[in-house]
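Asker: Provided herewith: entry-v8.cif, mmCIF, C-alpha atoms.
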```
data_model
#
loop_
_atom_site.label_atom_id
_atom_site.label_comp_id
_atom_site.auth_asym_id
_atom_site.auth_seq_id
_atom_site.Cartn_x
_atom_site.Cartn_y
_atom_site.Cartn_z
CA MET H 127 22.57 199.03 59.66
CA TYR H 128 25.18 199.38 56.92
CA GLN H 129 28.58 200.96 57.55
CA ALA H 130 31.72 202.03 55.67
CA THR H 131 34.81 203.94 56.79
CA THR H 132 37.05 206.00 54.52
CA ARG H 133 39.99 208.01 55.86
CA HIS H 134 38.66 207.60 59.43
CA ILE H 135 35.25 209.02 58.47
CA THR H 136 32.44 206.53 59.07
CA VAL H 137 29.11 206.53 57.24
CA ARG H 138 26.24 204.53 58.76
CA VAL H 139 22.97 203.93 56.91
CA SER H 140 19.64 202.66 58.27
CA PRO H 141 16.97 202.22 55.55
CA SER H 142 13.24 201.69 56.12
CA PHE H 143 10.09 201.21 54.03
CA LEU H 144 7.39 203.91 54.12
CA PRO H 145 4.06 202.15 53.48
CA GLU H 146 2.06 205.36 54.08
CA GLU H 147 3.92 207.09 51.21
CA SER H 148 3.87 204.10 48.86
CA GLU H 149 1.29 203.17 46.22
CA PRO H 150 2.15 199.59 45.12
CA THR H 151 -0.90 199.43 42.83
CA GLU H 152 0.54 202.49 41.04
CA GLY H 153 4.05 201.00 40.91
CA ARG H 154 5.52 203.29 43.59
CA TRP H 155 7.40 202.15 46.69
CA VAL H 156 8.97 204.79 48.92
CA PHE H 157 11.89 204.28 51.27
CA ALA H 158 13.54 206.45 53.89
CA TYR H 159 17.13 206.25 54.96
CA ARG H 160 18.94 207.72 57.95
CA ILE H 161 22.58 208.60 57.43
CA GLU H 162 25.11 209.35 60.13
CA ILE H 163 28.55 210.69 59.21
CA GLU H 164 31.11 210.52 62.01
CA ASN H 165 34.48 212.26 61.70
CA GLY H 166 37.04 210.05 63.42
CA SER H 167 39.93 211.81 61.67
CA ARG H 168 42.20 214.53 63.00
CA GLU H 169 41.05 217.04 60.39
CA THR H 170 38.03 219.29 60.10
CA VAL H 171 36.12 218.40 56.93
CA GLN H 172 33.11 219.76 55.07
CA LEU H 173 30.67 217.71 53.03
CA ARG H 174 30.46 219.46 49.65
CA SER H 175 28.49 217.10 47.39
CA ARG H 176 26.79 213.73 47.06
CA TYR H 177 26.61 210.99 44.47
CA TRP H 178 24.00 208.21 44.43
CA HIS H 179 23.83 205.11 42.26
CA ILE H 180 20.30 203.67 42.62
CA THR H 181 19.34 200.32 41.10
CA ASP H 182 15.74 199.11 41.23
CA GLY H 183 14.55 195.49 41.20
CA ARG H 184 14.48 195.43 37.39
CA GLY H 185 18.09 196.57 37.11
CA GLN H 186 17.20 200.12 36.05
CA VAL H 187 19.88 202.56 37.22
CA GLU H 188 19.49 206.19 38.21
CA GLU H 189 22.45 208.37 39.14
CA VAL H 190 21.99 211.47 41.27
CA ARG H 191 24.60 214.17 41.90
CA GLY H 192 24.22 217.43 43.75
CA PRO H 193 25.59 219.86 46.30
CA GLY H 194 25.53 218.90 49.97
CA VAL H 195 22.81 216.80 51.56
CA VAL H 196 19.27 217.93 52.43
CA GLY H 197 20.25 221.51 51.60
CA GLU H 198 23.26 221.54 53.91
CA GLU H 199 27.04 221.32 53.58
CA PRO H 200 27.91 220.37 57.17
CA ILE H 201 31.32 221.03 58.70
CA LEU H 202 32.58 218.25 60.95
CA SER H 203 35.43 218.87 63.36
CA PRO H 204 37.32 215.84 64.71
CA GLY H 205 34.88 213.78 66.80
CA ASP H 206 31.77 215.47 65.36
CA SER H 207 28.92 213.67 63.65
CA PHE H 208 26.07 214.77 61.40
CA THR H 209 22.81 212.85 60.94
CA TYR H 210 20.07 213.39 58.38
CA MET H 211 17.05 211.65 56.89
CA SER H 212 16.11 211.47 53.23
CA GLY H 213 14.09 209.27 50.94
CA CYS H 214 13.98 207.43 47.65
CA PRO H 215 11.00 206.33 45.53
CA LEU H 216 11.33 203.16 43.44
CA ALA H 217 9.21 201.61 40.70
CA THR H 218 9.80 198.16 42.25
CA PRO H 219 9.44 196.84 45.82
CA SER H 220 13.19 196.44 46.20
CA GLY H 221 16.44 198.00 45.13
CA ILE H 222 19.97 198.92 46.12
CA MET H 223 21.59 202.30 46.73
CA ARG H 224 25.27 203.11 47.04
CA GLY H 225 27.22 206.29 46.68
CA SER H 226 29.82 208.70 47.96
CA PHE H 227 30.22 212.09 49.57
CA ARG H 228 32.82 214.60 48.39
CA MET H 229 34.58 216.01 51.42
CA GLU H 230 36.91 219.00 51.63
CA THR H 231 39.56 219.73 54.25
CA ALA H 232 40.09 223.19 55.77
CA ASP H 233 43.05 223.72 53.41
CA GLY H 234 40.95 222.93 50.31
CA ARG H 235 41.92 219.31 49.57
CA SER H 236 39.01 217.20 48.31
CA PHE H 237 38.43 213.47 48.62
CA ASP H 238 35.50 211.05 48.38
CA ILE H 239 34.17 208.88 51.19
CA GLU H 240 32.15 205.75 50.54
CA VAL H 241 28.49 205.36 51.34
CA PRO H 242 28.04 201.59 51.69
CA ALA H 243 25.63 199.77 49.41
CA PHE H 244 22.33 199.29 51.22
CA SER H 245 19.20 197.35 50.40
CA LEU H 246 15.74 198.86 50.04
CA ASP H 247 13.11 196.18 50.58
CA ALA H 248 9.37 196.42 51.10
CA PRO H 249 7.89 193.69 53.30
CA GLU H 250 6.34 190.87 51.29
CA THR H 251 2.62 191.20 50.74
CA LYS H 252 0.67 188.45 52.46
CA ARG H 253 -1.28 186.22 50.15
CA LEU H 254 -4.67 184.96 51.24
CA LEU H 255 -6.26 181.79 49.91
CA ASN H 256 -10.05 181.67 49.67
#
```
Show me the file's structure as structure tokens.
Answerer:
Amino acid sequence: MYQATTRHITVRVSPSFLPEESEPTEGRWVFAYRIEIENGSRETVQLRSRYWHITDGRGQVEEVRGPGVVGEEPILSPGDSFTYMSGCPLATPSGIMRGSFRMETADGRSFDIEVPAFSLDAPETKRLLN
């Protein structure tokens, strides 16, 4: 598990490889990641947008920006947490993701919280000798 805390809001990430969704012979590896956002602050906050910086094993970078996460803009009161699952396809069997979430307080102030860098790694393929 990977973890980062910004302004008393903690983001935890657990990535996993999805072999049933992947097609290595076609150059496609698919990963899932579970994200938990826990509001340890004294303020109610709402997640407004996301930013992802995705680097594959060849160093190719893709940046993704958009509103909310998985179609939601969750509101987290102090002590609340929000968990969701999403996924990422890569053209290589490994890569790294990092990013941030734009949060907004009840009085309209915005700030970014860090999503820690996390590794996406497919298990090594076993080699057989004949």
Asker: Can you list what the PyMOL selection byres ((chain H and resi 155-164) around 9) grabs from this structure, as an NGL selection string?
Answerer: :H and (134-150 or 152-154 or 165-167 or 202 or 204-220 or 246-248)
Asker: Which value, in Å to one decimal, gives the distance between atom CA of Arg235 of chain H and atom CA of His179 of chain H?
Answerer: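 Going from atom CA of Arg235 of chain H over to atom CA of His179 of chain H covers 24.1 Å.
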Asker: To one decimal in Å, tell me the separation between atom CA of Gly192 of chain H and atom CA of Arg174 of chain H.
Answerer: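 The value is 8.8 Å.
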Asker: Just how far from atom CA of Ser203 of chain H is atom CA of Asp238 of chain H, in Å to one decimal?
Answerer: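 Separating atom CA of Asp238 of chain H from atom CA of Ser203 of chain H is a distance of 16.9 Å.
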Asker: Which residues match the PyMOL selection byres ((chain H and resi 233) around 12) in the file above, as a VMD selection string?
Answerer: chain H and resid 169 to 172 229 to 232 234 to 236
Asker: For Glu199 of chain H, which of H:Leu173, H:Met223, H:Gln186, H:Gln129 is the closest residue, counting only C-alpha atoms?
Answerer: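 Ranked by minimum distance to Glu199 of chain H, first place goes to H:Leu173.
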Asker: Report as a PyMOL selection string the residues that result from applying the PyMOL selection byres ((chain H and resi 191) around 9) to the structure here.
Answerer: chain H and resi 175-178+189-190+192-193
Asker: Would you save the residues of that selection, restricted to C-alpha atoms, as a PDB file, in the coordinates of the input?
Answerer:
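Final output, saved to out33.pdb:
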```pdb
ATOM      1  CA  SER H 175      28.490 217.100  47.390  1.00  0.00           C
ATOM      2  CA  ARG H 176      26.790 213.730  47.060  1.00  0.00           C
ATOM      3  CA  TYR H 177      26.610 210.990  44.470  1.00  0.00           C
ATOM      4  CA  TRP H 178      24.000 208.210  44.430  1.00  0.00           C
ATOM      5  CA  GLU H 189      22.450 208.370  39.140  1.00  0.00           C
ATOM      6  CA  VAL H 190      21.990 211.470  41.270  1.00  0.00           C
ATOM      7  CA  GLY H 192      24.220 217.430  43.750  1.00  0.00           C
ATOM      8  CA  PRO H 193      25.590 219.860  46.300  1.00  0.00           C
TER       9      PRO H 193
END
```
Asker: Using all atoms listed in the file, find the one residue out of H:Pro242, H:Arg168, H:Ile222, H:Gly197 that sits nearest to Arg133 of chain H.
Answerer: H:Arg168
Asker: For each of H:Thr151, H:Arg224, H:Gly185, H:Ala130, take the minimum atom-to-atom distance to Ala243 of chain H, counting all atoms listed in the file, then give the residue where this is smallest.
Answerer: H:Arg224
Asker: Give me the box for segment 130-143 of chain H as lines of an AutoDock Vina configuration file, namely the centre and edge lengths in Å to one decimal of a box along x, y and z that holds every listed atom plus 3 Å on each side.
Answerer:
```
center_x = 25.0
center_y = 205.1
center_z = 56.7
size_x = 35.9
size_y = 13.8
size_z = 11.4
```
Asker: Could N, CA, C and O atoms be built for segment 171-197 of chain H and written out as a PDB file, in the coordinates of the input?
Answerer:
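Listed below is the output, result.pdb:
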```
ATOM      1  N   VAL H 171      36.520 218.625  58.319  1.00  0.00           N
ATOM      2  CA  VAL H 171      36.120 218.400  56.930  1.00  0.00           C
ATOM      3  C   VAL H 171      34.722 218.969  56.709  1.00  0.00           C
ATOM      4  O   VAL H 171      33.946 219.104  57.642  1.00  0.00           O
ATOM      5  N   GLN H 172      34.438 219.282  55.439  1.00  0.00           N
ATOM      6  CA  GLN H 172      33.110 219.760  55.070  1.00  0.00           C
ATOM      7  C   GLN H 172      32.579 218.900  53.948  1.00  0.00           C
ATOM      8  O   GLN H 172      33.283 218.618  52.977  1.00  0.00           O
ATOM      9  N   LEU H 173      31.320 218.483  54.076  1.00  0.00           N
ATOM     10  CA  LEU H 173      30.670 217.710  53.030  1.00  0.00           C
ATOM     11  C   LEU H 173      30.219 218.696  51.948  1.00  0.00           C
ATOM     12  O   LEU H 173      29.432 219.595  52.196  1.00  0.00           O
ATOM     13  N   ARG H 174      30.743 218.532  50.735  1.00  0.00           N
ATOM     14  CA  ARG H 174      30.460 219.460  49.650  1.00  0.00           C
ATOM     15  C   ARG H 174      29.431 218.954  48.656  1.00  0.00           C
ATOM     16  O   ARG H 174      28.645 219.734  48.125  1.00  0.00           O
ATOM     17  N   SER H 175      29.437 217.621  48.372  1.00  0.00           N
ATOM     18  CA  SER H 175      28.490 217.100  47.390  1.00  0.00           C
ATOM     19  C   SER H 175      28.223 215.631  47.633  1.00  0.00           C
ATOM     20  O   SER H 175      28.923 214.979  48.401  1.00  0.00           O
ATOM     21  N   ARG H 176      27.192 215.132  46.923  1.00  0.00           N
ATOM     22  CA  ARG H 176      26.790 213.730  47.060  1.00  0.00           C
ATOM     23  C   ARG H 176      26.671 213.106  45.685  1.00  0.00           C
ATOM     24  O   ARG H 176      26.425 213.784  44.695  1.00  0.00           O
ATOM     25  N   TYR H 177      26.825 211.789  45.671  1.00  0.00           N
ATOM     26  CA  TYR H 177      26.610 210.990  44.470  1.00  0.00           C
ATOM     27  C   TYR H 177      25.868 209.731  44.886  1.00  0.00           C
ATOM     28  O   TYR H 177      26.261 209.058  45.838  1.00  0.00           O
ATOM     29  N   TRP H 178      24.770 209.426  44.175  1.00  0.00           N
ATOM     30  CA  TRP H 178      24.000 208.210  44.430  1.00  0.00           C
ATOM     31  C   TRP H 178      23.896 207.387  43.160  1.00  0.00           C
ATOM     32  O   TRP H 178      23.667 207.928  42.078  1.00  0.00           O
ATOM     33  N   HIS H 179      24.036 206.082  43.326  1.00  0.00           N
ATOM     34  CA  HIS H 179      23.830 205.110  42.260  1.00  0.00           C
ATOM     35  C   HIS H 179      22.708 204.208  42.761  1.00  0.00           C
ATOM     36  O   HIS H 179      22.893 203.448  43.715  1.00  0.00           O
ATOM     37  N   ILE H 180      21.516 204.344  42.148  1.00  0.00           N
ATOM     38  CA  ILE H 180      20.300 203.670  42.620  1.00  0.00           C
ATOM     39  C   ILE H 180      19.887 202.645  41.574  1.00  0.00           C
ATOM     40  O   ILE H 180      19.707 202.992  40.403  1.00  0.00           O
ATOM     41  N   THR H 181      19.754 201.394  42.008  1.00  0.00           N
ATOM     42  CA  THR H 181      19.340 200.320  41.100  1.00  0.00           C
ATOM     43  C   THR H 181      18.047 199.719  41.625  1.00  0.00           C
ATOM     44  O   THR H 181      17.981 199.284  42.776  1.00  0.00           O
ATOM     45  N   ASP H 182      17.000 199.706  40.780  1.00  0.00           N
ATOM     46  CA  ASP H 182      15.740 199.110  41.230  1.00  0.00           C
ATOM     47  C   ASP H 182      15.749 197.603  40.965  1.00  0.00           C
ATOM     48  O   ASP H 182      16.722 197.041  40.443  1.00  0.00           O
ATOM     49  N   GLY H 183      14.651 196.941  41.314  1.00  0.00           N
ATOM     50  CA  GLY H 183      14.550 195.490  41.200  1.00  0.00           C
ATOM     51  C   GLY H 183      14.578 194.966  39.774  1.00  0.00           C
ATOM     52  O   GLY H 183      14.765 193.772  39.555  1.00  0.00           O
ATOM     53  N   ARG H 184      14.401 195.836  38.801  1.00  0.00           N
ATOM     54  CA  ARG H 184      14.480 195.430  37.390  1.00  0.00           C
ATOM     55  C   ARG H 184      15.852 195.710  36.788  1.00  0.00           C
ATOM     56  O   ARG H 184      16.066 195.516  35.599  1.00  0.00           O
ATOM     57  N   GLY H 185      16.753 196.255  37.603  1.00  0.00           N
ATOM     58  CA  GLY H 185      18.090 196.570  37.110  1.00  0.00           C
ATOM     59  C   GLY H 185      18.214 197.949  36.500  1.00  0.00           C
ATOM     60  O   GLY H 185      19.277 198.309  35.987  1.00  0.00           O
ATOM     61  N   GLN H 186      17.147 198.750  36.561  1.00  0.00           N
ATOM     62  CA  GLN H 186      17.200 200.120  36.050  1.00  0.00           C
ATOM     63  C   GLN H 186      18.036 200.972  36.996  1.00  0.00           C
ATOM     64  O   GLN H 186      17.843 200.936  38.215  1.00  0.00           O
ATOM     65  N   VAL H 187      18.955 201.754  36.421  1.00  0.00           N
ATOM     66  CA  VAL H 187      19.880 202.560  37.220  1.00  0.00           C
ATOM     67  C   VAL H 187      19.559 204.040  37.076  1.00  0.00           C
ATOM     68  O   VAL H 187      19.292 204.525  35.978  1.00  0.00           O
ATOM     69  N   GLU H 188      19.590 204.734  38.198  1.00  0.00           N
ATOM     70  CA  GLU H 188      19.490 206.190  38.210  1.00  0.00           C
ATOM     71  C   GLU H 188      20.680 206.724  38.985  1.00  0.00           C
ATOM     72  O   GLU H 188      21.007 206.220  40.062  1.00  0.00           O
ATOM     73  N   GLU H 189      21.336 207.732  38.445  1.00  0.00           N
ATOM     74  CA  GLU H 189      22.450 208.370  39.140  1.00  0.00           C
ATOM     75  C   GLU H 189      22.026 209.782  39.521  1.00  0.00           C
ATOM     76  O   GLU H 189      21.402 210.487  38.734  1.00  0.00           O
ATOM     77  N   VAL H 190      22.354 210.163  40.752  1.00  0.00           N
ATOM     78  CA  VAL H 190      21.990 211.470  41.270  1.00  0.00           C
ATOM     79  C   VAL H 190      23.247 212.140  41.824  1.00  0.00           C
ATOM     80  O   VAL H 190      23.977 211.534  42.610  1.00  0.00           O
ATOM     81  N   ARG H 191      23.472 213.373  41.398  1.00  0.00           N
ATOM     82  CA  ARG H 191      24.600 214.170  41.900  1.00  0.00           C
ATOM     83  C   ARG H 191      24.063 215.527  42.325  1.00  0.00           C
ATOM     84  O   ARG H 191      23.131 216.040  41.720  1.00  0.00           O
ATOM     85  N   GLY H 192      24.651 216.100  43.356  1.00  0.00           N
ATOM     86  CA  GLY H 192      24.220 217.430  43.750  1.00  0.00           C
ATOM     87  C   GLY H 192      25.040 217.963  44.906  1.00  0.00           C
ATOM     88  O   GLY H 192      25.813 217.242  45.536  1.00  0.00           O
ATOM     89  N   PRO H 193      24.864 219.243  45.190  1.00  0.00           N
ATOM     90  CA  PRO H 193      25.590 219.860  46.300  1.00  0.00           C
ATOM     91  C   PRO H 193      25.047 219.406  47.642  1.00  0.00           C
ATOM     92  O   PRO H 193      23.834 219.219  47.796  1.00  0.00           O
ATOM     93  N   GLY H 194      25.922 219.205  48.600  1.00  0.00           N
ATOM     94  CA  GLY H 194      25.530 218.900  49.970  1.00  0.00           C
ATOM     95  C   GLY H 194      24.536 217.772  50.114  1.00  0.00           C
ATOM     96  O   GLY H 194      24.376 216.930  49.225  1.00  0.00           O
ATOM     97  N   VAL H 195      23.869 217.752  51.254  1.00  0.00           N
ATOM     98  CA  VAL H 195      22.810 216.800  51.560  1.00  0.00           C
ATOM     99  C   VAL H 195      21.689 217.550  52.253  1.00  0.00           C
ATOM    100  O   VAL H 195      21.941 218.406  53.089  1.00  0.00           O
ATOM    101  N   VAL H 196      20.461 217.272  51.889  1.00  0.00           N
ATOM    102  CA  VAL H 196      19.270 217.930  52.430  1.00  0.00           C
ATOM    103  C   VAL H 196      19.452 219.444  52.590  1.00  0.00           C
ATOM    104  O   VAL H 196      19.076 220.027  53.600  1.00  0.00           O
ATOM    105  N   GLY H 197      20.063 220.069  51.583  1.00  0.00           N
ATOM    106  CA  GLY H 197      20.250 221.510  51.600  1.00  0.00           C
ATOM    107  C   GLY H 197      21.362 222.024  52.492  1.00  0.00           C
ATOM    108  O   GLY H 197      21.470 223.227  52.711  1.00  0.00           O
TER     109      GLY H 197
END
```
